[in-house]
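Enquirer: One file is attached below, protein-v1.cif, containing mmCIF, C-alpha atoms.
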data_data
#
loop_
_atom_site.group_PDB
_atom_site.id
_atom_site.type_symbol
_atom_site.label_atom_id
_atom_site.label_comp_id
_atom_site.auth_asym_id
_atom_site.auth_seq_id
_atom_site.Cartn_x
_atom_site.Cartn_y
_atom_site.Cartn_z
ATOM 1 C CA MET W 1 -34.217 -32.749 -0.866
ATOM 2 C CA ARG W 2 -32.524 -30.394 1.559
ATOM 3 C CA PHE W 3 -29.203 -28.729 0.735
ATOM 4 C CA SER W 4 -26.654 -28.210 3.466
ATOM 5 C CA ALA W 5 -25.453 -24.693 4.132
ATOM 6 C CA HIS W 6 -22.029 -25.681 2.810
ATOM 7 C CA ARG W 7 -23.439 -26.963 -0.473
ATOM 8 C CA LEU W 8 -25.594 -23.876 -0.862
ATOM 9 C CA LEU W 9 -22.608 -21.585 -0.278
ATOM 10 C CA THR W 10 -20.534 -23.590 -2.737
ATOM 11 C CA SER W 11 -23.257 -23.316 -5.363
ATOM 12 C CA LEU W 12 -23.496 -19.548 -4.872
ATOM 13 C CA VAL W 13 -19.712 -19.117 -5.182
ATOM 14 C CA LEU W 14 -19.583 -21.168 -8.366
ATOM 15 C CA ALA W 15 -22.483 -19.188 -9.786
ATOM 16 C CA LEU W 16 -20.759 -15.901 -9.032
ATOM 17 C CA VAL W 17 -17.522 -17.170 -10.566
ATOM 18 C CA GLY W 18 -19.453 -18.172 -13.649
ATOM 19 C CA VAL W 19 -21.074 -14.751 -13.875
ATOM 20 C CA GLY W 20 -17.663 -13.055 -13.462
ATOM 21 C CA ALA W 21 -16.084 -15.243 -16.118
ATOM 22 C CA THR W 22 -18.972 -14.544 -18.492
ATOM 23 C CA ALA W 23 -18.701 -10.802 -17.886
ATOM 24 C CA SER W 24 -14.939 -10.939 -18.489
ATOM 25 C CA ALA W 25 -15.413 -12.893 -21.696
ATOM 26 C CA LEU W 26 -18.041 -10.419 -22.909
ATOM 27 C CA ALA W 27 -15.751 -7.492 -22.083
ATOM 28 C CA GLN W 28 -12.957 -9.057 -24.107
ATOM 29 C CA ALA W 29 -15.319 -9.813 -26.985
ATOM 30 C CA ASP W 30 -16.429 -6.171 -27.047
ATOM 31 C CA TRP W 31 -12.861 -4.864 -26.859
ATOM 32 C CA PRO W 32 -12.011 -2.220 -27.869
ATOM 33 C CA GLY W 33 -15.142 -0.470 -26.730
ATOM 34 C CA ARG W 34 -13.447 2.833 -25.951
ATOM 35 C CA PRO W 35 -10.231 4.686 -26.904
ATOM 36 C CA ILE W 36 -6.907 2.944 -26.263
ATOM 37 C CA ARG W 37 -4.141 4.969 -24.633
ATOM 38 C CA LEU W 38 -0.683 4.585 -26.190
ATOM 39 C CA ILE W 39 1.904 5.837 -23.716
ATOM 40 C CA VAL W 40 4.993 7.339 -25.374
ATOM 41 C CA PRO W 41 7.682 7.964 -22.732
ATOM 42 C CA TYR W 42 9.204 10.874 -24.670
ATOM 43 C CA PRO W 43 8.210 14.515 -25.276
ATOM 44 C CA PRO W 44 6.431 15.631 -28.462
ATOM 45 C CA GLY W 45 8.449 16.376 -31.564
ATOM 46 C CA GLY W 46 11.172 13.738 -31.531
ATOM 47 C CA THR W 47 11.587 10.425 -33.317
ATOM 48 C CA SER W 48 9.830 8.382 -30.611
ATOM 49 C CA ASP W 49 6.847 10.737 -30.638
ATOM 50 C CA ASN W 50 6.610 10.614 -34.435
ATOM 51 C CA LEU W 51 6.821 6.829 -34.291
ATOM 52 C CA GLY W 52 4.137 6.689 -31.601
ATOM 53 C CA ARG W 53 1.752 8.812 -33.630
ATOM 54 C CA LEU W 54 2.304 6.690 -36.730
ATOM 55 C CA VAL W 55 1.724 3.470 -34.776
ATOM 56 C CA ALA W 56 -1.365 4.935 -33.086
ATOM 57 C CA GLU W 57 -2.863 5.927 -36.429
ATOM 58 C CA ARG W 58 -2.199 2.605 -38.157
ATOM 59 C CA LEU W 59 -3.085 0.508 -35.079
ATOM 60 C CA GLY W 60 -6.388 2.352 -34.729
ATOM 61 C CA HIS W 61 -7.118 1.664 -38.381
ATOM 62 C CA LYS W 62 -6.452 -2.045 -37.908
ATOM 63 C CA LEU W 63 -8.543 -2.298 -34.732
ATOM 64 C CA HIS W 64 -11.332 0.039 -35.908
ATOM 65 C CA ALA W 65 -10.801 2.051 -32.755
ATOM 66 C CA SER W 66 -9.327 5.306 -31.532
ATOM 67 C CA VAL W 67 -5.739 5.052 -30.283
ATOM 68 C CA VAL W 68 -4.630 8.210 -28.465
ATOM 69 C CA VAL W 69 -0.981 9.107 -27.843
ATOM 70 C CA ASP W 70 -0.193 10.081 -24.261
ATOM 71 C CA ASN W 71 3.290 11.653 -23.969
ATOM 72 C CA ARG W 72 4.844 10.936 -20.566
ATOM 73 C CA PRO W 73 8.464 12.088 -20.826
ATOM 74 C CA GLY W 74 11.129 12.108 -18.155
ATOM 75 C CA GLY W 75 13.647 9.948 -16.365
ATOM 76 C CA THR W 76 15.052 8.478 -19.593
ATOM 77 C CA THR W 77 11.669 6.803 -20.273
ATOM 78 C CA GLN W 78 11.251 5.760 -16.613
ATOM 79 C CA ILE W 79 8.222 7.971 -15.924
ATOM 80 C CA GLY W 80 6.159 6.799 -18.893
ATOM 81 C CA THR W 81 7.164 3.181 -18.415
ATOM 82 C CA GLU W 82 6.080 3.311 -14.766
ATOM 83 C CA GLN W 83 2.728 4.828 -15.799
ATOM 84 C CA ALA W 84 2.111 1.842 -18.065
ATOM 85 C CA PHE W 85 3.293 -0.601 -15.384
ATOM 86 C CA ARG W 86 0.733 0.759 -12.910
ATOM 87 C CA ALA W 87 -2.155 0.989 -15.391
ATOM 88 C CA PRO W 88 -5.089 -1.454 -15.176
ATOM 89 C CA PRO W 89 -4.370 -4.552 -17.296
ATOM 90 C CA ASP W 90 -7.593 -4.209 -19.260
ATOM 91 C CA GLY W 91 -6.265 -3.736 -22.785
ATOM 92 C CA TYR W 92 -6.802 0.014 -22.812
ATOM 93 C CA THR W 93 -3.228 0.985 -21.990
ATOM 94 C CA VAL W 94 -0.365 0.105 -24.349
ATOM 95 C CA LEU W 95 3.250 1.208 -24.017
ATOM 96 C CA LEU W 96 5.453 2.152 -26.948
ATOM 97 C CA GLY W 97 8.429 0.965 -24.954
ATOM 98 C CA ALA W 98 11.907 2.160 -25.701
ATOM 99 C CA VAL W 99 13.863 -1.046 -25.254
ATOM 100 C CA THR W 100 16.402 0.907 -23.186
ATOM 101 C CA ALA W 101 13.787 0.920 -20.415
ATOM 102 C CA PHE W 102 14.100 -2.861 -20.227
ATOM 103 C CA THR W 103 17.804 -3.281 -21.004
ATOM 104 C CA VAL W 104 19.769 -0.177 -19.976
ATOM 105 C CA LEU W 105 17.855 1.158 -16.982
ATOM 106 C CA PRO W 106 17.843 -2.149 -15.031
ATOM 107 C CA ASN W 107 21.654 -1.955 -15.198
ATOM 108 C CA LEU W 108 21.712 1.767 -14.438
ATOM 109 C CA ARG W 109 19.264 2.180 -11.554
ATOM 110 C CA ARG W 110 19.018 -0.132 -8.566
ATOM 111 C CA ASN W 111 15.498 0.835 -7.525
ATOM 112 C CA LEU W 112 13.349 1.074 -10.633
ATOM 113 C CA PRO W 113 9.670 1.736 -9.844
ATOM 114 C CA TYR W 114 8.603 -0.954 -12.321
ATOM 115 C CA ASP W 115 9.445 -4.595 -12.931
ATOM 116 C CA ALA W 116 11.520 -4.563 -16.116
ATOM 117 C CA ARG W 117 11.715 -8.355 -16.332
ATOM 118 C CA ASP W 118 8.216 -9.578 -15.508
ATOM 119 C CA GLY W 119 5.973 -6.526 -15.233
ATOM 120 C CA PHE W 120 4.895 -6.339 -18.874
ATOM 121 C CA GLU W 121 3.596 -8.515 -21.688
ATOM 122 C CA PRO W 122 5.584 -7.971 -24.918
ATOM 123 C CA LEU W 123 3.392 -7.672 -28.007
ATOM 124 C CA GLY W 124 6.193 -7.505 -30.575
ATOM 125 C CA GLY W 125 9.076 -5.480 -31.932
ATOM 126 C CA VAL W 126 8.139 -2.268 -33.715
ATOM 127 C CA ALA W 127 11.136 -0.530 -35.260
ATOM 128 C CA GLU W 128 14.879 -0.104 -35.287
ATOM 129 C CA TYR W 129 16.436 3.298 -34.963
ATOM 130 C CA LEU W 130 18.418 4.645 -37.933
ATOM 131 C CA SER W 131 20.804 7.105 -36.335
ATOM 132 C CA VAL W 132 23.553 9.147 -37.960
ATOM 133 C CA VAL W 133 26.873 10.422 -36.607
ATOM 134 C CA THR W 134 26.641 14.142 -37.314
ATOM 135 C CA VAL W 135 28.705 17.227 -36.468
ATOM 136 C CA ARG W 136 28.049 20.954 -36.374
ATOM 137 C CA LYS W 137 28.642 22.669 -39.686
ATOM 138 C CA ASP W 138 31.624 24.790 -38.621
ATOM 139 C CA LEU W 139 33.561 22.035 -36.823
ATOM 140 C CA GLY W 140 35.759 21.614 -39.899
ATOM 141 C CA VAL W 141 35.467 17.853 -40.449
ATOM 142 C CA GLN W 142 33.845 15.981 -43.333
ATOM 143 C CA THR W 143 34.482 12.320 -42.467
ATOM 144 C CA LEU W 144 34.345 10.070 -39.416
ATOM 145 C CA ALA W 145 38.108 9.571 -39.637
ATOM 146 C CA GLU W 146 38.631 13.335 -39.470
ATOM 147 C CA LEU W 147 36.368 13.589 -36.418
ATOM 148 C CA ILE W 148 38.300 10.862 -34.611
ATOM 149 C CA LYS W 149 41.612 12.529 -35.490
ATOM 150 C CA LEU W 150 40.366 15.886 -34.181
ATOM 151 C CA ALA W 151 39.024 14.347 -30.976
ATOM 152 C CA LYS W 152 42.367 12.661 -30.307
ATOM 153 C CA THR W 153 44.174 15.992 -30.546
ATOM 154 C CA GLN W 154 41.673 17.587 -28.131
ATOM 155 C CA PRO W 155 40.824 14.918 -25.552
ATOM 156 C CA GLY W 156 37.754 15.811 -23.521
ATOM 157 C CA LYS W 157 37.119 19.109 -25.311
ATOM 158 C CA LEU W 158 34.591 18.040 -27.957
ATOM 159 C CA THR W 159 30.991 17.717 -26.758
ATOM 160 C CA TYR W 160 28.360 15.287 -27.943
ATOM 161 C CA GLY W 161 24.650 15.681 -27.330
ATOM 162 C CA SER W 162 21.981 13.054 -26.799
ATOM 163 C CA ALA W 163 18.256 12.679 -26.124
ATOM 164 C CA GLY W 164 19.044 12.050 -22.456
ATOM 165 C CA LEU W 165 21.063 10.020 -19.996
ATOM 166 C CA ALA W 166 21.322 6.374 -21.134
ATOM 167 C CA SER W 167 19.456 7.147 -24.367
ATOM 168 C CA PHE W 168 20.558 5.449 -27.566
ATOM 169 C CA GLY W 169 22.645 8.459 -28.566
ATOM 170 C CA HIS W 170 24.396 8.539 -25.211
ATOM 171 C CA ILE W 171 25.253 4.840 -25.344
ATOM 172 C CA ALA W 172 26.294 5.091 -29.009
ATOM 173 C CA GLY W 173 28.673 7.913 -28.116
ATOM 174 C CA GLU W 174 30.194 5.824 -25.359
ATOM 175 C CA ILE W 175 30.602 2.892 -27.758
ATOM 176 C CA VAL W 176 32.413 5.091 -30.294
ATOM 177 C CA GLN W 177 34.718 6.434 -27.595
ATOM 178 C CA ARG W 178 35.531 2.968 -26.317
ATOM 179 C CA GLU W 179 36.232 1.593 -29.791
ATOM 180 C CA THR W 180 38.382 4.535 -30.941
ATOM 181 C CA GLY W 181 40.047 5.670 -27.723
ATOM 182 C CA ILE W 182 38.758 9.244 -27.998
ATOM 183 C CA LYS W 183 37.275 11.266 -25.128
ATOM 184 C CA MET W 184 34.280 13.594 -25.484
ATOM 185 C CA LEU W 185 32.008 15.352 -22.993
ATOM 186 C CA HIS W 186 28.389 14.132 -22.914
ATOM 187 C CA VAL W 187 25.612 16.773 -22.877
ATOM 188 C CA PRO W 188 22.125 15.266 -22.339
ATOM 189 C CA TYR W 189 18.960 17.018 -23.569
ATOM 190 C CA LYS W 190 15.251 16.409 -23.050
ATOM 191 C CA GLY W 191 14.614 14.423 -26.202
ATOM 192 C CA SER W 192 15.984 14.112 -29.724
ATOM 193 C CA ALA W 193 14.405 17.297 -31.043
ATOM 194 C CA ASP W 194 16.157 19.459 -28.464
ATOM 195 C CA ALA W 195 19.470 17.701 -29.088
ATOM 196 C CA ALA W 196 19.175 18.148 -32.869
ATOM 197 C CA ASN W 197 18.384 21.839 -32.509
ATOM 198 C CA ALA W 198 21.355 22.252 -30.163
ATOM 199 C CA LEU W 199 23.704 20.768 -32.762
ATOM 200 C CA ALA W 200 22.317 22.996 -35.512
ATOM 201 C CA ALA W 201 22.831 26.004 -33.222
ATOM 202 C CA GLY W 202 26.439 25.001 -32.572
ATOM 203 C CA GLN W 203 25.866 24.364 -28.867
ATOM 204 C CA VAL W 204 27.395 20.867 -29.125
ATOM 205 C CA ASP W 205 29.927 19.430 -31.556
ATOM 206 C CA VAL W 206 28.598 15.921 -32.246
ATOM 207 C CA LEU W 207 25.261 14.098 -32.211
ATOM 208 C CA ILE W 208 24.383 10.461 -32.938
ATOM 209 C CA ASP W 209 20.648 10.546 -33.616
ATOM 210 C CA GLY W 210 18.058 10.003 -36.309
ATOM 211 C CA ALA W 211 16.180 13.236 -35.659
ATOM 212 C CA ILE W 212 19.064 15.112 -37.246
ATOM 213 C CA VAL W 213 18.314 13.841 -40.772
ATOM 214 C CA PRO W 214 16.069 16.759 -41.909
ATOM 215 C CA LEU W 215 18.743 19.225 -40.788
ATOM 216 C CA ALA W 216 21.420 17.190 -42.576
ATOM 217 C CA LYS W 217 19.370 17.160 -45.783
ATOM 218 C CA ALA W 218 18.950 20.924 -45.473
ATOM 219 C CA GLY W 219 22.730 21.377 -45.179
ATOM 220 C CA ARG W 220 22.596 22.816 -41.664
ATOM 221 C CA VAL W 221 24.767 20.032 -40.140
ATOM 222 C CA VAL W 222 27.318 17.586 -41.564
ATOM 223 C CA PRO W 223 26.484 13.845 -41.559
ATOM 224 C CA LEU W 224 29.547 11.580 -41.311
ATOM 225 C CA ALA W 225 28.265 8.000 -41.061
ATOM 226 C CA ALA W 226 25.102 5.985 -40.481
ATOM 227 C CA PHE W 227 25.393 4.296 -37.105
ATOM 228 C CA GLY W 228 24.534 0.826 -38.330
ATOM 229 C CA ALA W 229 25.269 -1.938 -40.779
ATOM 230 C CA VAL W 230 23.614 -0.169 -43.742
ATOM 231 C CA ARG W 231 23.267 3.359 -45.072
ATOM 232 C CA HIS W 232 20.373 5.566 -44.048
ATOM 233 C CA PRO W 233 17.781 5.501 -46.876
ATOM 234 C CA GLU W 234 17.213 9.257 -46.518
ATOM 235 C CA LEU W 235 20.973 9.946 -46.777
ATOM 236 C CA PRO W 236 22.192 7.423 -49.365
ATOM 237 C CA GLN W 237 25.447 9.306 -49.967
ATOM 238 C CA VAL W 238 26.549 8.901 -46.325
ATOM 239 C CA PRO W 239 28.576 5.715 -45.587
ATOM 240 C CA SER W 240 27.701 3.153 -42.944
ATOM 241 C CA LEU W 241 29.990 2.649 -39.960
ATOM 242 C CA ALA W 242 31.655 -0.323 -41.634
ATOM 243 C CA GLU W 243 32.200 1.654 -44.841
ATOM 244 C CA ALA W 244 33.737 4.391 -42.693
ATOM 245 C CA GLN W 245 36.162 1.748 -41.346
ATOM 246 C CA LEU W 246 34.647 1.532 -37.863
ATOM 247 C CA ASN W 247 33.322 -1.820 -36.659
ATOM 248 C CA VAL W 248 31.580 -1.761 -33.290
ATOM 249 C CA LYS W 249 29.582 -4.180 -31.167
ATOM 250 C CA ARG W 250 25.947 -3.092 -30.960
ATOM 251 C CA PRO W 251 22.748 -4.335 -29.303
ATOM 252 C CA THR W 252 20.741 -6.825 -31.371
ATOM 253 C CA GLY W 253 17.207 -5.956 -30.287
ATOM 254 C CA PRO W 254 14.831 -3.413 -31.833
ATOM 255 C CA GLY W 255 14.761 0.164 -30.642
ATOM 256 C CA TRP W 256 11.092 0.017 -29.680
ATOM 257 C CA GLY W 257 8.481 -2.600 -28.866
ATOM 258 C CA LEU W 258 4.834 -2.616 -27.859
ATOM 259 C CA PHE W 259 3.927 -3.797 -24.353
ATOM 260 C CA THR W 260 0.874 -4.109 -22.124
ATOM 261 C CA PRO W 261 0.795 -4.304 -18.318
ATOM 262 C CA LYS W 262 1.202 -7.819 -16.958
ATOM 263 C CA GLY W 263 -2.176 -9.490 -16.545
ATOM 264 C CA THR W 264 -3.739 -8.064 -19.680
ATOM 265 C CA PRO W 265 -6.016 -10.786 -21.136
ATOM 266 C CA VAL W 266 -4.249 -13.092 -23.561
ATOM 267 C CA ALA W 267 -6.934 -12.703 -26.224
ATOM 268 C CA ILE W 268 -6.500 -8.922 -26.243
ATOM 269 C CA ASN W 269 -2.725 -9.203 -26.402
ATOM 270 C CA GLN W 270 -3.034 -11.554 -29.355
ATOM 271 C CA LYS W 271 -5.279 -9.092 -31.216
ATOM 272 C CA LEU W 272 -2.873 -6.238 -30.562
ATOM 273 C CA SER W 273 0.121 -8.326 -31.604
ATOM 274 C CA LYS W 274 -1.516 -9.439 -34.861
ATOM 275 C CA ALA W 275 -2.550 -5.864 -35.696
ATOM 276 C CA LEU W 276 1.024 -4.695 -35.076
ATOM 277 C CA GLU W 277 2.487 -7.430 -37.277
ATOM 278 C CA ASP W 278 0.070 -6.583 -40.079
ATOM 279 C CA LEU W 279 0.642 -2.827 -40.006
ATOM 280 C CA LEU W 280 4.444 -3.244 -40.045
ATOM 281 C CA ALA W 281 4.135 -5.373 -43.189
ATOM 282 C CA GLU W 282 2.368 -2.597 -45.103
ATOM 283 C CA PRO W 283 4.544 -0.804 -47.703
ATOM 284 C CA GLU W 284 2.941 2.524 -46.739
ATOM 285 C CA THR W 285 3.909 2.062 -43.091
ATOM 286 C CA GLN W 286 7.444 1.012 -44.025
ATOM 287 C CA ALA W 287 7.918 4.080 -46.233
ATOM 288 C CA ARG W 288 6.644 6.416 -43.512
ATOM 289 C CA LEU W 289 8.904 4.779 -40.951
ATOM 290 C CA GLN W 290 11.948 5.491 -43.114
ATOM 291 C CA ARG W 291 11.010 9.162 -43.293
ATOM 292 C CA ILE W 292 11.338 9.408 -39.498
ATOM 293 C CA SER W 293 14.690 7.593 -39.391
ATOM 294 C CA THR W 294 13.336 4.199 -38.403
ATOM 295 C CA VAL W 295 12.817 0.884 -40.133
ATOM 296 C CA ALA W 296 10.156 -1.738 -39.408
ATOM 297 C CA ASP W 297 11.562 -4.432 -37.116
ATOM 298 C CA TRP W 298 8.814 -6.924 -36.335
ATOM 299 C CA ARG W 299 9.692 -9.489 -33.671
ATOM 300 C CA THR W 300 7.261 -12.015 -32.232
ATOM 301 C CA PRO W 301 6.517 -11.578 -28.521
ATOM 302 C CA ALA W 302 8.818 -14.510 -27.732
ATOM 303 C CA ASP W 303 11.603 -13.162 -29.949
ATOM 304 C CA LEU W 304 11.280 -9.688 -28.432
ATOM 305 C CA ARG W 305 11.564 -11.096 -24.923
ATOM 306 C CA LYS W 306 14.653 -13.081 -25.957
ATOM 307 C CA ALA W 307 16.280 -10.014 -27.578
ATOM 308 C CA ILE W 308 15.629 -7.936 -24.458
ATOM 309 C CA GLU W 309 17.283 -10.538 -22.258
ATOM 310 C CA GLY W 310 20.322 -10.620 -24.546
ATOM 311 C CA ASP W 311 20.656 -6.844 -24.685
ATOM 312 C CA ARG W 312 20.257 -6.585 -20.918
ATOM 313 C CA ARG W 313 23.366 -8.766 -20.602
ATOM 314 C CA PHE W 314 25.130 -6.652 -23.283
ATOM 315 C CA TYR W 315 24.594 -3.478 -21.251
ATOM 316 C CA ALA W 316 25.527 -5.200 -18.005
ATOM 317 C CA GLU W 317 29.009 -5.589 -19.516
ATOM 318 C CA LEU W 318 29.154 -2.311 -21.449
ATOM 319 C CA LEU W 319 28.030 0.264 -18.897
ATOM 320 C CA PRO W 320 30.673 -0.442 -16.222
ATOM 321 C CA ALA W 321 33.316 -0.722 -18.960
ATOM 322 C CA VAL W 322 32.644 2.856 -20.082
ATOM 323 C CA GLY W 323 32.415 4.186 -16.541
ATOM 324 C CA ILE W 324 28.628 4.309 -16.123
ATOM 325 C CA GLN W 325 27.840 2.925 -12.672
ATOM 326 C CA PRO W 326 24.389 2.098 -11.260
ATOM 327 C CA THR W 327 22.753 4.610 -8.944
ATOM 328 C CA ASP W 328 19.861 4.585 -6.527
#
Could you rewrite the structure in this file as structure tokens?

Expert:
Amino acid sequence: MRFSAHRLLTSLVLALVGVGATASALAQADWPGRPIRLIVPYPPGGTSDNLGRLVAERLGHKLHASVVVDNRPGGTTQIGTEQAFRAPPDGYTVLLGAVTAFTVLPNLRRNLPYDARDGFEPLGGVAEYLSVVTVRKDLGVQTLAELIKLAKTQPGKLTYGSAGLASFGHIAGEIVQRETGIKMLHVPYKGSADAANALAAGQVDVLIDGAIVPLAKAGRVVPLAAFGAVRHPELPQVPSLAEAQLNVKRPTGPGWGLFTPKGTPVAINQKLSKALEDLLAEPETQARLQRISTVADWRTPADLRKAIEGDRRFYAELLPAVGIQPTD
């Protein structure tokens, strides 16, 4: 029986497709066959870096693989997030994404070099940030009420530091100002570690950050209130915002999530997501997270996507209200 040229070509194409599909399936079955890169869009030494290294260690243990932290700081997480966005979707690049990259920056910058809505696959929520409102030791205040009173008598003169433009600490400072009517001058730094050291050195007056906790415990700065619904477990004597008589609207999503570039095979994403869920449930991981001013905040991929959408709308209303306008 003779085959037509068309049938022969069709048979060859189908055979090649079958070979490609088999090779892809084998590659996924062998994954991870080499080290996985975990991009952390912050410099070494701060809370995000410490979190990334903890996640890399525990994730590698779960996957029986090497997970290597790759610090890519800059642009308020934009540089590292773009690196992950442009990486091959093969399961060997994972982003420890600061949720601000998906909620704040789309409302802050008109021309982001990555697709914040559809360019990534969420693997799950990782942790919530436990920040503390703290002041320099010689400012002369011991409570949040005293800080607000002082700021009202000196509008625009007090300075507050942050880990960078549109970082959590920056936004938290703007929220406090909006809720209390005070005015302070924002001073951005290149990460939480630099901002914490600046406060301890008296270069700024106020900082809302979790990286400040070791300095607070050492008595080098004065903690006034935990910026959240509960007290910081490392500073149990410090009241929460509500206990300090300040109720504010806050985002509802986690501070960080894990993401892969869009197009990463579903089976690999599922393995990563399950490993993340399991490691966050471990008491050892939870205890270590608390020591770096974070708390485990597992969200399913679907729940993380939903929280990001909600917080993106929250910031769309907040940023213009506090005078932060989008730029190119």

Enquirer: Rounded to one decimal in Å, what is the spacing between CA of Asn71 (chain W) and CA of His170 (chain W)?

Expert: 21.4 Å

Enquirer: Hey, could you make a per-residue contact list for region 282-328 of chain W against region 233-248 of chain W with 8 Å as the cut-off, showing the nearest pair of atoms and its distance in Å to one decimal, counting only C-alpha atoms, sorted by chain and number, as a tab-separated table?

Expert:
residue	atom	partner	partner_atom	distance
W:Gln290	CA	W:Pro233	CA	6.9
W:Arg291	CA	W:Glu234	CA	7.0
W:Ser293	CA	W:Glu234	CA	7.7

Enquirer: What is the CA of Ala296 (chain W) to CA of Ile39 (chain W) distance in Å?

Expert: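 A separation of 19.3 Å between them.
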
Enquirer: Using all atoms listed in the file, which of W:Gly173, W:Thr159, W:Pro89, W:Gly255 sits nearest Val187 (chain W)?

Expert: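 Residue with the minimum atom-to-atom distance to Val187 (chain W): W:Thr159.
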
Enquirer: Would you write out, as a list in words, every residue that the PyMOL selection byres ((chain W and resi 102) around 9) captures in this file?

Expert: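 Here the PyMOL selection byres ((chain W and resi 102) around 9) matches Gly97, Ala98, Val99, Thr100, Ala101, Thr103, Val104, Leu105, Pro106, Asp115, Ala116, Arg117, Ile308, Glu309, Asp311 and Arg312 of chain W.
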
Enquirer: Counting only C-alpha atoms, which residue out of W:Asn269, W:Asn111, W:Thr260, W:Ser192 sits closest to Leu38 (chain W)?

Expert: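 Residue with the minimum atom-to-atom distance to Leu38 (chain W): W:Thr260.
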
Enquirer: Run through the PyMOL selection byres ((chain W and resi 273) around 9) on the given coordinates and return the selected residues as a PDB file with C-alpha atoms, keeping the file's coordinate frame.

Expert:
ATOM      1  CA  PRO W 122       5.584  -7.971 -24.918  1.00  0.00           C
ATOM      2  CA  LEU W 123       3.392  -7.672 -28.007  1.00  0.00           C
ATOM      3  CA  GLY W 124       6.193  -7.505 -30.575  1.00  0.00           C
ATOM      4  CA  LEU W 258       4.834  -2.616 -27.859  1.00  0.00           C
ATOM      5  CA  ILE W 268      -6.500  -8.922 -26.243  1.00  0.00           C
ATOM      6  CA  ASN W 269      -2.725  -9.203 -26.402  1.00  0.00           C
ATOM      7  CA  GLN W 270      -3.034 -11.554 -29.355  1.00  0.00           C
ATOM      8  CA  LYS W 271      -5.279  -9.092 -31.216  1.00  0.00           C
ATOM      9  CA  LEU W 272      -2.873  -6.238 -30.562  1.00  0.00           C
ATOM     10  CA  LYS W 274      -1.516  -9.439 -34.861  1.00  0.00           C
ATOM     11  CA  ALA W 275      -2.550  -5.864 -35.696  1.00  0.00           C
ATOM     12  CA  LEU W 276       1.024  -4.695 -35.076  1.00  0.00           C
ATOM     13  CA  GLU W 277       2.487  -7.430 -37.277  1.00  0.00           C
ATOM     14  CA  ASP W 278       0.070  -6.583 -40.079  1.00  0.00           C
ATOM     15  CA  THR W 300       7.261 -12.015 -32.232  1.00  0.00           C
ATOM     16  CA  PRO W 301       6.517 -11.578 -28.521  1.00  0.00           C
TER      17      PRO W 301
END

Enquirer: Using the chain letters and numbers from the file, give me the residues hit by the PyMOL selection byres ((chain W and resi 183) around 12), as an mmCIF file with C-alpha atoms, keeping the file's coordinate frame.

Expert:
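See selection_4.cif below for the written result:
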data_model
loop_
_atom_site.group_PDB
_atom_site.id
_atom_site.type_symbol
_atom_site.label_atom_id
_atom_site.label_comp_id
_atom_site.auth_asym_id
_atom_site.auth_seq_id
_atom_site.Cartn_x
_atom_site.Cartn_y
_atom_site.Cartn_z
ATOM 1 C CA LEU W 147 36.368 13.589 -36.418
ATOM 2 C CA ILE W 148 38.300 10.862 -34.611
ATOM 3 C CA LYS W 149 41.612 12.529 -35.490
ATOM 4 C CA LEU W 150 40.366 15.886 -34.181
ATOM 5 C CA ALA W 151 39.024 14.347 -30.976
ATOM 6 C CA LYS W 152 42.367 12.661 -30.307
ATOM 7 C CA THR W 153 44.174 15.992 -30.546
ATOM 8 C CA GLN W 154 41.673 17.587 -28.131
ATOM 9 C CA PRO W 155 40.824 14.918 -25.552
ATOM 10 C CA GLY W 156 37.754 15.811 -23.521
ATOM 11 C CA LYS W 157 37.119 19.109 -25.311
ATOM 12 C CA LEU W 158 34.591 18.040 -27.957
ATOM 13 C CA THR W 159 30.991 17.717 -26.758
ATOM 14 C CA TYR W 160 28.360 15.287 -27.943
ATOM 15 C CA GLY W 173 28.673 7.913 -28.116
ATOM 16 C CA GLU W 174 30.194 5.824 -25.359
ATOM 17 C CA ILE W 175 30.602 2.892 -27.758
ATOM 18 C CA VAL W 176 32.413 5.091 -30.294
ATOM 19 C CA GLN W 177 34.718 6.434 -27.595
ATOM 20 C CA ARG W 178 35.531 2.968 -26.317
ATOM 21 C CA GLU W 179 36.232 1.593 -29.791
ATOM 22 C CA THR W 180 38.382 4.535 -30.941
ATOM 23 C CA GLY W 181 40.047 5.670 -27.723
ATOM 24 C CA ILE W 182 38.758 9.244 -27.998
ATOM 25 C CA MET W 184 34.280 13.594 -25.484
ATOM 26 C CA LEU W 185 32.008 15.352 -22.993
ATOM 27 C CA HIS W 186 28.389 14.132 -22.914
ATOM 28 C CA VAL W 322 32.644 2.856 -20.082
#

Enquirer: Report the distance between CA of Gln142 (chain W) and CA of Ala287 (chain W) in Å, rounded to one decimal place.

Expert: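 The value is 28.7 Å.
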
Enquirer: Please identify all polymer residues within 9 Å of region 112-114 of chain W, counting only C-alpha atoms, omitting same-chain residues fewer than 6 positions from it, and present them as a ChimeraX atom specification.

Expert: /W:78-79,81-83,85-86,105-106,328

Enquirer: Hey, can you pull every residue with an atom no more than 10 Å from (25.1, 1.8, -33.7), using only C-alpha atoms, and send it as a PyMOL selection string?

Expert: chain W and resi 129-133+168-169+171-173+175-176+208-209+226-229+240-241+247-252

Enquirer: Smallest atom-to-atom distance to Arg58 (chain W): which of W:Arg288, W:Arg34, W:Arg220, W:Lys137, using all atoms listed in the file?

Expert: W:Arg288

Enquirer: First collect every listed atom of region 216-228 of chain W; then fit an axis-aligned box around them, widen it by 8 Å on each side, and give centre and edge lengths in Å to one decimal, as lines of an AutoDock Vina configuration file.

Expert:
center_x = 24.2
center_y = 11.8
center_z = -41.4
size_x = 26.6
size_y = 38.0
size_z = 24.7
